[in-house]
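Let me begin by presenting the structure, written as structure tokens, before commenting on it.
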Protein chains: 2
Amino acid sequence: MTSKAIDPSVAGEVAGIGLVQELVMEFDQALKLTSGKELSGFRLAYETYGHLNAEKSNAVLICHALNASHHVAGRRADNPEDIGWWDNMVGPGKPVDTNVFFVIGVNNLGSCFGSTGPTSLNPATGEPYGGDFPVVTVEDWVQAQAHLADALGIERFAVVMGGSLGGMQAMQWAISYPKRIAHAVVIASTPRLSAQNIAFNEVARRAIITDPDFCGGHFYKENKIPKRGLAVARMIGHITYLSDDDMAQKFGRSLRQRQDYSYDFGVDFEIESYLRYQGEKFSSYFDANSYLLITKALDYFDPSQKTQGNLAQAFASVESEFLVVSFSTDWRFPPERSHEIVTALMQTNRRVVYAEVDAPHGHDAFLMDDPKYHGLIRSYFQRVAHELR
Amino acid sequence: MTSKAIDPSVAGEVAGIGLVQELVMEFDQALKLTSGKELSGFRLAYETYGHLNAEKSNAVLICHALNASHHVAGRRADNPEDIGWWDNMVGPGKPVDTNVFFVIGVNNLGSCFGSTGPTSLNPATGEPYGGDFPVVTVEDWVQAQAHLADALGIERFAVVMGGSLGGMQAMQWAISYPKRIAHAVVIASTPRLSAQNIAFNEVARRAIITDPDFCGGHFYKENKIPKRGLAVARMIGHITYLSDDDMAQKFGRSLRQRQDYSYDFGVDFEIESYLRYQGEKFSSYFDANSYLLITKALDYFDPSQKTQGNLAQAFASVESEFLVVSFSTDWRFPPERSHEIVTALMQTNRRVVYAEVDAPHGHDAFLMDDPKYHGLIRSYFQRVAHELR
């Protein structure tokens with residue numbers, strides 16, 4: 001294995017948490033995937049914040065959800081406008097305190113922000129993988145993240161943490177590598193998607209796949225981008241991230257820069273303008289093949305699949321402690337889904353702290369700067385910090 | 001005005017409610033629309049069941065929702081496989097008893113089942129209206145329905161009834177023609193769409209409008225159909241018609257004719273297969289322009305718009321009594337939205353009966369054959385029947 005990264009204990013941070021540098025780790029060994037296929041080699045883009053202590057006991061892995069990346073906190077050195085997606089959570093003096101912890105953000109395989117994915121060159125053809133990139137699973141991501149941990153000399157994470165799909169990765173870490181994770185922090189997540197969750201993903205995928213510019217996933221060489229499909233997919237997703245009440249409060253039936261209805265199919269309501277903008281913006285930077293791959297990883301995640309639906313049994317090998325957090329208005333992964341995780345962990349006699357945060361922002365609440373929520377995470381990490389001593 | 005229909009008191013019914021004949025009423029007068037535009041003439045497709053009594057006091061108007069038509073009950077004489085969409089509700093001895101009531105189903109303007117709509121010839125061009133068909137509103141539909149009532153000699157309806165968008169028409173009848181409606185039966189409806197409701201409609205419209213085969217609404221003359229967009233639109237709609245629980249119960253995470261995941265983007269789960277089928281089927285018979293028009297009519301409906309958001313004031317002129325029904329698992333138009341209607345009617349001192357039916361089927365429950373629900377409708381119509389005597 002080749003490790004091209006500079007010393008991780010100092011890399012990734014310039015001027016406090018301010019400017020951060022993207023790092024890349026290249027792996028020349030094959031990665032066998034859940035599907036049976038394999039990647040002959042792969043690369044992972046990542047960032048780090050804070051310093052790894054001498055005992056290498058203070059490492060925290062932050063796993064991202066659908067559309068985020070390894071750029072968790074700080075400003076990118078090459079683009080200071082680009083602030084990390086969880087910058088309110090991670091930094092000096094923040095709930096995940098980089099004065100205490102060495103935090104790693106990593107871009108997952110199949111995504112489009114620097115790790116091996118559909119836009120990477122397929123060594124078999126010398127052209128981008130496109131639609132030929134193999135389907136990857138949460139297990140595959142976690143396996144790849146473990147290789148990164150090896151390369152960085154981290155035997156055991158103090159915490160693996162994530163929201164939504166990121167929370168699934170934290171759960172999978174506890175299952176796949178019970179000795180290598182002390183705490184799993186699982187926020188706004190679910191032990192498996194419901195039929196309704198899968199349904200929304202499937203509609204989004206159909207919007208992309210049936211866009212004529214998708215070209216069966218090989219749109220790069222046609223110099224096309226299935227922007228229409230991607231925009232629709234994002235609009236659908238976005239509706240599920242917000243609560244009904246929050247949307248009513250923010251947009252209601254307010255008209256967009258007009259006094260009366262237009263009586264055409266332009267923009268009448270603020271909510272229409274907002275969604276169109278979100279769709280357009282997303283389709284300008286996100287890769288369509290990555291969207292398909294990541295939604296499929298969401299659909300496939302189900303630790304209880306191998307234990308006949310028995311989640312407690314799926315957690316049988318788990319040794320880590322858990323913090324599980326849900327949000328009252330999250331209708332994508334509502335509190336009941338977190339209860340399933342908590343119940344299964346209790347049945348397995350694992351230590352678990354659970355909190356349901358009363359927040360108006362729906363699923364997106366996990367990204368928000370809510371004092372109750374952040375206070376909770378801060379307390380939990382303070383407890384973890386005490387264990388380090 | 002020209003009325004080409006045969007005697008409505010016997011038309012539309014052959015062999016009991018068994019076979020029914022589609023009727024068409026042509027109107028040669030102009031219809032001024034809410035938008036300020038007008039239709040120089042129009043036609044309405046309709047069906048009737050039962051017999052109009054001598055006093056013409058037993059007429060019931062059934063208003064349809066997004067994708068339904070005037071074919072409410074019975075089997076079409078020209079296609080006996082085609083059973084009306086509310087056949088479980090309307091017929092001899094059924095909750096809306098055609099032995100007692102004379103029931104009319106009418107296709108709305110802008111729809112695609114025989115009434116004037118986007119596929120009709122635009123007299124100004126001699127070609128189908130396509131994207132040039134004017135935006136129509138619930139008020140416009142009700143106005144057109146009133147012309148049909150005039151033509152059929154019905155001064156006052158015993159009941160105007162509908163579910164979802166159909167319920168909006170019943171409300172609008174009570175507002176627009178307070179003297180012409182004795183009872184409004186409003187099922188699984190809302191006094192106005194929420195931001196989330198509008199959001200789902202907007203995504204569906206974007207899927208259609210951005211389909212290259214939509215051709216700005218003039219796809220007929222290009223010999224194209226925006227099937228991809230229509231299918232995606234229908235899939236989105238369908239998710240909102242079913243409850244999360246019902247979907248979990250019916251489909252859960254069951255795989256479709258396979259033991260393990262496919263690790264590709266074909267069909268893995270039953271719910272995917274079901275939604276794709278619904279999308280395909282819908283796109284083979286429904287008109288894309290009609291879909292746009294009808295979702296816009298939904299978005300625009302808001303009786304309180306003219307009364308600064310005060311719904312009670314919007315109901316000030318109402319004279320009819322109301323039956324309002326909601327379903328416990330309907331998350332498209334949840335019971336709270338019916339409460340708003342009931343509260344406003346009570347503030348206006350109108351007589352209103354309200355029932356929330358505990359049913360698992362989400363919004364679609366209004367179409368289902370549920371004994372509690374049907375018992376309720378039956379009782380209400382029996383009371384109305386007593387008033388006829």
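Each chain in the structure tokens gets a letter, A, B and so on, in the order shown; residues start at 1 in every chain, and ligands are counted from 1 in the order they appear.
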List the neighbours of range 233-249 of chain B out to 7 Å using only C-alpha atoms; skip same-chain residues closer than 3 positions along the sequence, and give me the result as a list in words.
-> Ser194, Ala195, Gln196 and Val203 of chain A; Ala204, Arg205, Ala207, Ile208, Gly229, Leu230, Gly252, Leu275, Gln278, Gly279, Phe282, Thr329, Asp330, Trp331, Arg332, Pro360, His361, Gly362, His363 and Asp364 of chain B
Neighbour list for Lys32 in chain B as a list of chain:residue names, cut-off 12 Å, only C-alpha atoms, skip fewer than 4 positions in-chain |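 Listing them by chain and then by number gives B:Gly36, B:Lys37, B:Glu38, B:Leu39, B:Ser40, B:Gly41, B:Phe42, B:Pro134, B:Val135, B:Val136, B:Thr137, B:Glu139, B:Asp140, B:Trp141, B:Gln143, B:Ala144.
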Surrounding residues of Gly117 in chain B excluding itself and chain neighbours under 3 positions, 12 Å, only C-alpha atoms, as an MDAnalysis selection string = chainID B and resid 39 41:45 107:114 120:122 128:136 141 287:294
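Using only C-alpha atoms for every distance, the candidate list B:Leu23, B:Leu323, B:Ala149, B:Leu33 yields B:Leu33 as the residue closest to chain A.
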Skip Phe269 in chain B itself and residues of its chain fewer than 6 positions away, then list as a list of chain:residue names all residues within 6 Å of it, counting only C-alpha atoms.
->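 In the requested format, the answer is B:Ser254, B:Leu255, B:Arg256.
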Restrict the selected residues to N, CA and C atoms and save them as a PDB file, in the first residue's frame.
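File result07.pdb, as written:
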```
ATOM      1  N   SER B 254     -39.701  -5.891   0.810  1.00  0.00           N
ATOM      2  CA  SER B 254     -39.723  -7.146   0.025  1.00  0.00           C
ATOM      3  C   SER B 254     -39.032  -6.950  -1.314  1.00  0.00           C
ATOM      4  N   LEU B 255     -38.259  -7.933  -1.681  1.00  0.00           N
ATOM      5  CA  LEU B 255     -37.588  -7.896  -2.975  1.00  0.00           C
ATOM      6  C   LEU B 255     -38.516  -8.455  -4.038  1.00  0.00           C
ATOM      7  N   ARG B 256     -38.344  -7.964  -5.249  1.00  0.00           N
ATOM      8  CA  ARG B 256     -39.195  -8.328  -6.379  1.00  0.00           C
ATOM      9  C   ARG B 256     -38.595  -9.530  -7.117  1.00  0.00           C
TER      10      ARG B 256
END
```
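CA of Ala182 in chain A to CA of Pro335 in chain A spans 24.0 Å [interatomic distance, one decimal].
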Which neighbours of range 307-320 of chain B fall inside 12 Å, counting only C-alpha atoms, when residues of the same chain fewer than 2 positions from it are skipped, and could you give them as a count of residues only?
-> 50
